[in-house]
Amino acid sequence: MAYAFYIASLIAIVATIRVITGTHAVHALLYFVVSLLAIATIFLIMGAPFAAALEVIIYAGAIMVLFVFVMMMLNPGPRSVRREQQWLTPGIWVGPVILTAILMAELAWVLTKGGTAGSSMETVTPRAVGMTLFGPYLLGVEMASVLLLAGLVGAYHLAYHLGRRQEREKEGGKGT
Amino acid sequence: MNGIPPHSIPMEHGLIVAAVLFVLGVTGVLIRRDILFVLLSLEIMLNASGLAFIVAGARWLQPDGQIMFIFILAVAAAEVSVGLALILWLYSWNRTLDVDCASKMRG
């Protein structure tokens, strides 16, 4: 099981290096998702299955999709279609595919060999996490909810004024 | 409860991985000028600190590490929502993603 940890760590580090040295934001996002999946594998090996699931669902699922949405808003028009055709060459997707294939092989190996927990380390169950989260850390949960509400209000405020501004610009463009 | 779990990965190795990822994030913030990459590097750093908490939680077999990871996740979600809204604002204001252009903003 130690080998799985070191392979996943190597994949995470390599993918992260590709993120910070990438030139296209979409490629960097692709490598960052690979890095997140590798870190989720490390969490699973470390005996934290709940954190691994959260890493995949919230980080790789929700936050990265938010990034992709913003990229889509920044690159509209027919220009992006042509660029998309240029991007869809093997040289671009082969790197992330190789890294995820190694992760997939690791996952298959763990599932066939390791049993249900897939870990040689002791697991901290989601039950224990939940009991502690809503026991001693209840105040922290409330503070996190206030923080998320502040983030929601802030993002709404910025987006509202952005929409107003773009409408004004559009009307001004028609007038002249 | 406080003994080292048998057949496990040493805690130092997990912490080294977290440190390497964190340093990569710092490097990304310092070397990149595209504000989208700066935000991605911030995510890398938050993620690395979460990894360090999980490693420490696994070492002492306590759920506290995973709870701190959940809090980090909430912080990352809030930060990303506001940060991406600011990026859209900057782009519509100046048609660029260069962070240096943000210093020209007044009021």
# chains A, B, ... in the order shown; residues from 1 in each chain; ligands from 1
$ residues_around --residues "range 75-88 of chain B" --least-positions-apart "2" --cutoff "8 Å" --atoms "only C-alpha atoms" --output "list in words"
Ile63, Leu66, Phe67, Val70, Leu74, Ala144, Leu147, Leu148, Ala150, Gly151, Leu152, Gly154, Ala155, Leu158 and Ala159 of chain A; Ile35, Leu36, Leu39, Glu43, Leu46, Phe71, Ile72, Leu73, Leu90, Tyr91, Ser92 and Leu97 of chain B
$ write_last_selection --atoms "N, CA and C atoms" --output "PDB file, in the first residue's frame"
ATOM      1  N   ILE A  63     -15.909  23.218  -7.505  1.00  0.00           N
ATOM      2  CA  ILE A  63     -15.068  24.405  -7.615  1.00  0.00           C
ATOM      3  C   ILE A  63     -14.411  24.469  -8.985  1.00  0.00           C
ATOM      4  N   LEU A  66     -16.821  25.619 -11.537  1.00  0.00           N
ATOM      5  CA  LEU A  66     -16.960  27.078 -11.461  1.00  0.00           C
ATOM      6  C   LEU A  66     -15.865  27.755 -12.281  1.00  0.00           C
ATOM      7  N   PHE A  67     -14.626  27.257 -12.145  1.00  0.00           N
ATOM      8  CA  PHE A  67     -13.522  27.786 -12.945  1.00  0.00           C
ATOM      9  C   PHE A  67     -13.818  27.624 -14.431  1.00  0.00           C
ATOM     10  N   VAL A  70     -16.270  30.142 -15.725  1.00  0.00           N
ATOM     11  CA  VAL A  70     -15.674  31.471 -15.921  1.00  0.00           C
ATOM     12  C   VAL A  70     -14.840  31.508 -17.183  1.00  0.00           C
ATOM     13  N   LEU A  74     -15.222  33.972 -20.437  1.00  0.00           N
ATOM     14  CA  LEU A  74     -14.162  34.854 -20.906  1.00  0.00           C
ATOM     15  C   LEU A  74     -13.810  34.614 -22.368  1.00  0.00           C
ATOM     16  N   ALA A 144     -18.555  28.644   9.554  1.00  0.00           N
ATOM     17  CA  ALA A 144     -18.360  28.317   8.140  1.00  0.00           C
ATOM     18  C   ALA A 144     -19.605  28.683   7.337  1.00  0.00           C
ATOM     19  N   LEU A 147     -19.560  32.310   6.763  1.00  0.00           N
ATOM     20  CA  LEU A 147     -18.560  32.623   5.734  1.00  0.00           C
ATOM     21  C   LEU A 147     -19.110  32.345   4.345  1.00  0.00           C
ATOM     22  N   LEU A 148     -19.786  31.208   4.186  1.00  0.00           N
ATOM     23  CA  LEU A 148     -20.345  30.864   2.879  1.00  0.00           C
ATOM     24  C   LEU A 148     -21.430  31.857   2.486  1.00  0.00           C
ATOM     25  N   ALA A 150     -21.489  34.979   3.392  1.00  0.00           N
ATOM     26  CA  ALA A 150     -20.789  36.201   2.977  1.00  0.00           C
ATOM     27  C   ALA A 150     -20.261  36.059   1.561  1.00  0.00           C
ATOM     28  N   GLY A 151     -19.731  34.868   1.227  1.00  0.00           N
ATOM     29  CA  GLY A 151     -19.254  34.631  -0.127  1.00  0.00           C
ATOM     30  C   GLY A 151     -20.368  34.726  -1.145  1.00  0.00           C
ATOM     31  N   LEU A 152     -21.528  34.164  -0.794  1.00  0.00           N
ATOM     32  CA  LEU A 152     -22.688  34.220  -1.686  1.00  0.00           C
ATOM     33  C   LEU A 152     -23.119  35.652  -1.945  1.00  0.00           C
ATOM     34  N   GLY A 154     -21.351  38.390  -1.510  1.00  0.00           N
ATOM     35  CA  GLY A 154     -20.322  39.118  -2.239  1.00  0.00           C
ATOM     36  C   GLY A 154     -20.342  38.807  -3.720  1.00  0.00           C
ATOM     37  N   ALA A 155     -20.443  37.532  -4.076  1.00  0.00           N
ATOM     38  CA  ALA A 155     -20.464  37.152  -5.489  1.00  0.00           C
ATOM     39  C   ALA A 155     -21.715  37.708  -6.168  1.00  0.00           C
ATOM     40  N   LEU A 158     -21.225  41.539  -6.774  1.00  0.00           N
ATOM     41  CA  LEU A 158     -20.328  41.826  -7.895  1.00  0.00           C
ATOM     42  C   LEU A 158     -20.999  41.487  -9.222  1.00  0.00           C
ATOM     43  N   ALA A 159     -21.685  40.339  -9.271  1.00  0.00           N
ATOM     44  CA  ALA A 159     -22.306  39.924 -10.537  1.00  0.00           C
ATOM     45  C   ALA A 159     -23.445  40.865 -10.910  1.00  0.00           C
TER      46      ALA A 159
ATOM     47  N   ILE B  35      -4.231  36.394 -13.721  1.00  0.00           N
ATOM     48  CA  ILE B  35      -4.886  36.340 -12.409  1.00  0.00           C
ATOM     49  C   ILE B  35      -5.613  35.018 -12.194  1.00  0.00           C
ATOM     50  N   LEU B  36      -5.998  34.357 -13.288  1.00  0.00           N
ATOM     51  CA  LEU B  36      -6.641  33.051 -13.169  1.00  0.00           C
ATOM     52  C   LEU B  36      -5.665  32.025 -12.599  1.00  0.00           C
ATOM     53  N   LEU B  39      -5.145  32.572  -8.896  1.00  0.00           N
ATOM     54  CA  LEU B  39      -6.226  31.980  -8.103  1.00  0.00           C
ATOM     55  C   LEU B  39      -6.067  30.458  -8.018  1.00  0.00           C
ATOM     56  N   GLU B  43      -5.538  27.973  -4.743  1.00  0.00           N
ATOM     57  CA  GLU B  43      -6.244  26.719  -4.497  1.00  0.00           C
ATOM     58  C   GLU B  43      -5.269  25.604  -4.172  1.00  0.00           C
ATOM     59  N   LEU B  46      -4.210  26.007  -0.554  1.00  0.00           N
ATOM     60  CA  LEU B  46      -5.252  25.586   0.386  1.00  0.00           C
ATOM     61  C   LEU B  46      -5.341  24.068   0.438  1.00  0.00           C
ATOM     62  N   PHE B  71     -13.459  22.496   6.890  1.00  0.00           N
ATOM     63  CA  PHE B  71     -13.472  23.951   7.040  1.00  0.00           C
ATOM     64  C   PHE B  71     -12.656  24.613   5.931  1.00  0.00           C
ATOM     65  N   ILE B  72     -11.497  23.996   5.597  1.00  0.00           N
ATOM     66  CA  ILE B  72     -10.683  24.543   4.513  1.00  0.00           C
ATOM     67  C   ILE B  72     -11.463  24.517   3.207  1.00  0.00           C
ATOM     68  N   LEU B  73     -12.232  23.453   3.013  1.00  0.00           N
ATOM     69  CA  LEU B  73     -13.062  23.336   1.812  1.00  0.00           C
ATOM     70  C   LEU B  73     -14.080  24.478   1.743  1.00  0.00           C
ATOM     71  N   LEU B  90     -12.764  42.441 -13.380  1.00  0.00           N
ATOM     72  CA  LEU B  90     -11.517  42.973 -13.927  1.00  0.00           C
ATOM     73  C   LEU B  90     -11.495  42.827 -15.446  1.00  0.00           C
ATOM     74  N   TYR B  91     -11.976  41.678 -15.943  1.00  0.00           N
ATOM     75  CA  TYR B  91     -11.936  41.442 -17.383  1.00  0.00           C
ATOM     76  C   TYR B  91     -12.868  42.397 -18.119  1.00  0.00           C
ATOM     77  N   SER B  92     -14.054  42.609 -17.562  1.00  0.00           N
ATOM     78  CA  SER B  92     -14.994  43.505 -18.247  1.00  0.00           C
ATOM     79  C   SER B  92     -14.521  44.950 -18.134  1.00  0.00           C
ATOM     80  N   LEU B  97      -6.440  39.908 -18.255  1.00  0.00           N
ATOM     81  CA  LEU B  97      -6.369  39.141 -17.021  1.00  0.00           C
ATOM     82  C   LEU B  97      -5.040  39.369 -16.304  1.00  0.00           C
TER      83      LEU B  97
END
$ residues_around --residues "Gly25 in chain B" --least-positions-apart "4" --cutoff "6 Å" --atoms "only C-alpha atoms" --output "number ranges by chain"
B: 41, 44-45
$ write_last_selection --atoms "N, CA, C and O atoms" --output "PDB file, in the first residue's frame"
ATOM      1  N   SER B  41      -3.254  28.861  -8.095  1.00  0.00           N
ATOM      2  CA  SER B  41      -2.149  28.585  -7.184  1.00  0.00           C
ATOM      3  C   SER B  41      -2.591  28.731  -5.731  1.00  0.00           C
ATOM      4  O   SER B  41      -2.151  27.979  -4.865  1.00  0.00           O
ATOM      5  N   ILE B  44      -4.130  25.582  -4.895  1.00  0.00           N
ATOM      6  CA  ILE B  44      -3.113  24.552  -4.628  1.00  0.00           C
ATOM      7  C   ILE B  44      -2.622  24.660  -3.193  1.00  0.00           C
ATOM      8  O   ILE B  44      -2.482  23.661  -2.487  1.00  0.00           O
ATOM      9  N   MET B  45      -2.408  25.903  -2.734  1.00  0.00           N
ATOM     10  CA  MET B  45      -1.910  26.083  -1.373  1.00  0.00           C
ATOM     11  C   MET B  45      -2.942  25.639  -0.340  1.00  0.00           C
ATOM     12  O   MET B  45      -2.607  24.954   0.636  1.00  0.00           O
TER      13      MET B  45
END
$ closest_residue --among "A:Thr41, A:Leu133, A:Ile102, A:Val68" --to "chain B" --atoms "only C-alpha atoms"
A:Leu133
$ residues_around --residues "Asn47 in chain B" --least-positions-apart "5" --cutoff "9 Å" --atoms "only C-alpha atoms" --output "NGL selection string"
(:A and (36 or 39)) or (:B and (18 or 21-22 or 42 or 52 or 69 or 72-73 or 76))
$ select_by_dssp --residues "range 50-106 of chain B" --states "alpha helix (DSSP H)" --output "count of residues only"
42
$ closest_residue --among "A:Ile7, A:Leu107, A:Ile17, A:Ile92" --to "chain B" --atoms "only C-alpha atoms"
A:Ile17
$ atom_distance --atom1 "CA of Ala52 in chain A" --atom2 "CA of Pro126 in chain A"
10.8 Å
